[in-house]
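*Asks:* Quick one: structure below, then a few questions.
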Amino acid sequence: MPNRLARMNPIFQKIEAVSKKTRIVTQLREAIVSGAIEGGQQIVEAKLAQQFGVGQGLVREALIELEHRGFVQRTPYSGTNVSMLTFEDVLQIFEVRIELEPLAFYLAGKNVDERNFAELEELAEKTHIAFESKDLAGFFRSHLEFRNTIWQLSGNRYLHQELERIVVPLYALYLIRSSYNRDGLALCIELQDKTLDAFRRKDIEQARYLARDFLIRMKEHLRIHFVSKSQNK
């Protein structure tokens, strides 16, 4: 019996570590979104570890997860900074998305089955609910998961990884600034609904067209929105 308990102890320690990391991720994310930690600000692992009362390795793991979500950018031998994209960065990201993401929608249309379709429907419904309740964080969470599910369904891991790398920071940026207007959100809802219809009809060429058309319209929408905000300052 003692030997069995000895073998079980490390398992409980790992669960505790994950719990701590999750709490660190949550607190850092909230600090970034609220503006307590500003865009471009450097994050010092040793200082955070001291504030949280945990090991520096655990803070590093939390920052890696935040990087994956797009909230921070980590540079080897330099450090970690809160993500801060310029408008030119956003336009360049959209140029890449316009070429890559329609392919993901096309390939996903070939692979989607009843279970996958039900999952996409559920995510679309969550996005609708968040839109109506003006829950910006909930909206982006479910809409990004909707898109990420499609990237996964493409079956091309290189395409999936590249889209995650360039797109996730955009969603973090929208959430950090809390400035994505209702018209832009409505375009996302429209894409979801029309994509589900195309997948239902097995019209994969239409799915490709919808993704490309959406991204072109969204790029122009953001350009107009950005110019308007600049003129009103």
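Scheme for the structure tokens: letters A, B, ... for chains in order shown; per-chain residue numbers from 1; ligand numbers from 1 in order shown.
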I'd like a table as a tab-separated table: residues in range 62-163 of chain A with an atom no more than 9 Å from range 20-34 of chain A, each row giving the shortest atom pair and its distance in Å to one decimal, only C-alpha atoms counted, sorted by chain and rising residue number.

*Replies:*
```
residue	atom	partner	partner_atom	distance
A:Ala62	CA	A:Val25	CA	5.3
A:Leu63	CA	A:Val25	CA	7.3
A:Glu65	CA	A:Val25	CA	7.5
A:Leu66	CA	A:Val25	CA	6.8
A:Phe71	CA	A:Arg29	CA	7.3
A:Val82	CA	A:Ile32	CA	7.5
```

*Asks:* Counting only C-alpha atoms, what is within 7 Å of range 197-206 of chain A, bar same-chain residues fewer than 5 positions away, as a PyMOL selection string?

*Replies:* chain A and resi 106+109-110

*Asks:* With C-alpha atoms kept, could you save the residues just selected as an mmCIF file, in the first residue's frame?

*Replies:*
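So the final result, stored in out-v2.cif, reads:
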```cif
data_model
loop_
_atom_site.group_PDB
_atom_site.id
_atom_site.type_symbol
_atom_site.label_atom_id
_atom_site.label_comp_id
_atom_site.auth_asym_id
_atom_site.auth_seq_id
_atom_site.Cartn_x
_atom_site.Cartn_y
_atom_site.Cartn_z
ATOM 1 C CA TYR A 106 -12.374 24.420 -48.394
ATOM 2 C CA GLY A 109 -15.736 21.171 -45.969
ATOM 3 C CA LYS A 110 -14.380 17.864 -47.259
#
```

*Asks:* Could you pull the residues within 9 Å of range 117-125 of chain A, counting only C-alpha atoms, minus those fewer than 5 positions along the same chain, as a ChimeraX atom specification?

*Replies:* /A:112,130,142-143,145-147,149-150,189,192-193,196,199-200

*Asks:* Convert the current residue selection to file output with C-alpha atoms, as a PDB file, in the first residue's frame.

*Replies:*
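Result file follows (selection-v5.pdb):
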```pdb
ATOM      1  CA  VAL A 112     -16.748  17.703 -41.693  1.00  0.00           C
ATOM      2  CA  ALA A 130     -22.730  36.523 -26.668  1.00  0.00           C
ATOM      3  CA  SER A 142     -16.618  31.190 -29.135  1.00  0.00           C
ATOM      4  CA  HIS A 143     -16.016  32.724 -32.575  1.00  0.00           C
ATOM      5  CA  GLU A 145     -13.056  28.454 -31.327  1.00  0.00           C
ATOM      6  CA  PHE A 146     -15.445  28.168 -34.300  1.00  0.00           C
ATOM      7  CA  ARG A 147     -12.680  29.194 -36.689  1.00  0.00           C
ATOM      8  CA  THR A 149     -12.295  24.034 -35.260  1.00  0.00           C
ATOM      9  CA  ILE A 150     -12.462  24.661 -39.002  1.00  0.00           C
ATOM     10  CA  ILE A 189     -22.033  36.064 -37.300  1.00  0.00           C
ATOM     11  CA  GLN A 192     -20.651  31.497 -39.362  1.00  0.00           C
ATOM     12  CA  ASP A 193     -24.262  31.064 -40.476  1.00  0.00           C
ATOM     13  CA  LEU A 196     -22.718  26.166 -41.744  1.00  0.00           C
ATOM     14  CA  PHE A 199     -21.099  22.674 -45.091  1.00  0.00           C
ATOM     15  CA  ARG A 200     -24.631  21.314 -44.740  1.00  0.00           C
TER      16      ARG A 200
END
```

*Asks:* Could you tell me how far CA of Val168 in chain A sits from CA of Gln56 in chain A, in Å to one decimal place?

*Replies:*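 Taking CA of Gln56 in chain A and CA of Val168 in chain A, their separation equals 25.4 Å.
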
*Asks:* Would you list, as a tab-separated table (two decimals) with C-alpha atoms, in the first residue's frame, the residues of range 3-219 of chain A that end up in strand (DSSP E or B) under DSSP run on this structure's backbone?

*Replies:*
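What ended up in out_32.tsv:
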```tsv
chain	number	residue	atom	x	y	z
A	42	GLN	CA	7.85	44.24	-20.74
A	43	ILE	CA	7.00	41.38	-18.41
A	72	VAL	CA	2.05	38.45	-25.19
A	73	GLN	CA	5.00	38.14	-27.54
A	74	ARG	CA	8.12	36.32	-26.39
A	75	THR	CA	11.48	37.06	-28.05
A	79	GLY	CA	12.13	38.96	-23.04
A	80	THR	CA	8.34	39.01	-23.05
A	81	ASN	CA	6.15	41.98	-23.91
A	82	VAL	CA	2.41	42.54	-23.99
```

*Asks:* What parts of range 26-136 of chain A does DSSP call helix (DSSP H, G or I)? I'd like the answer as a ChimeraX atom specification.

*Replies:* /A:26-34,45-52,56-69,87-111,114-132,136

*Asks:* Between CA of Asp113 in chain A and CA of Ser154 in chain A, what distance in Å does the model show, to one decimal?

*Replies:*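 About the pair CA of Asp113 in chain A and CA of Ser154 in chain A: they are 12.2 Å apart.
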
*Asks:* Measuring between only C-alpha atoms, which one of A:Ser19, A:Cys188, A:Pro76, A:Tyr209 shows the shortest distance to His221 in chain A?

*Replies:*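 Using only C-alpha atoms, the shortest distance to His221 in chain A belongs to A:Cys188.
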
*Asks:* Compile the contact shell of Leu163 in chain A as a ChimeraX atom specification: residues with an atom at most 12 Å away, counting only C-alpha atoms, same-chain residues fewer than 4 positions apart removed.

*Replies:* /A:68,70,93-94,96-105,144,147-152,154,156-159,167-170

*Asks:* If you keep C-alpha atoms, can you produce a file of those selected residues as a compact mmCIF listing (two decimals), in the first residue's frame?

*Replies:*
```
# COMPACT_ATOMS: atom_id res chain seq x y z
CA HIS A 68 -0.29 31.03 -27.75
CA GLY A 70 -1.91 36.14 -28.55
CA ILE A 93 -2.02 39.79 -41.26
CA PHE A 94 -5.21 40.09 -43.29
CA VAL A 96 -1.90 36.49 -45.41
CA ARG A 97 -5.28 35.34 -44.08
CA ILE A 98 -7.00 36.16 -47.37
CA GLU A 99 -4.73 33.65 -49.09
CA LEU A 100 -4.57 30.92 -46.43
CA GLU A 101 -7.86 30.78 -44.54
CA PRO A 102 -10.16 30.13 -47.55
CA LEU A 103 -8.09 27.00 -48.19
CA ALA A 104 -8.74 25.84 -44.62
CA PHE A 105 -12.51 26.34 -45.10
CA LEU A 144 -12.29 32.02 -32.43
CA ARG A 147 -12.68 29.19 -36.69
CA ASN A 148 -10.06 27.09 -34.92
CA THR A 149 -12.30 24.03 -35.26
CA ILE A 150 -12.46 24.66 -39.00
CA TRP A 151 -8.67 25.03 -39.19
CA GLN A 152 -8.32 21.69 -37.40
CA SER A 154 -8.73 21.11 -42.69
CA ASN A 156 -3.40 20.22 -42.64
CA ARG A 157 -1.43 20.81 -39.45
CA TYR A 158 0.93 23.30 -41.10
CA LEU A 159 -1.98 25.41 -42.28
CA VAL A 167 -4.79 35.16 -36.27
CA VAL A 168 -4.95 34.63 -32.50
CA PRO A 169 -3.06 37.90 -31.74
CA LEU A 170 -5.77 39.78 -33.65
```

*Asks:* Which residue out of A:Glu114, A:Phe87, A:Gly55, A:Tyr171 has the minimum interatomic distance to Gly138 in chain A when only C-alpha atoms are used?

*Replies:*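 Among A:Glu114, A:Phe87, A:Gly55, A:Tyr171, it is A:Tyr171 that comes nearest to Gly138 in chain A.
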
*Asks:* Find the distance between CA of Leu85 in chain A and CA of Leu173 in chain A and write it in Å to one decimal.

*Replies:*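 Atom-to-atom, CA of Leu85 in chain A and CA of Leu173 in chain A are spaced 7.3 Å apart.
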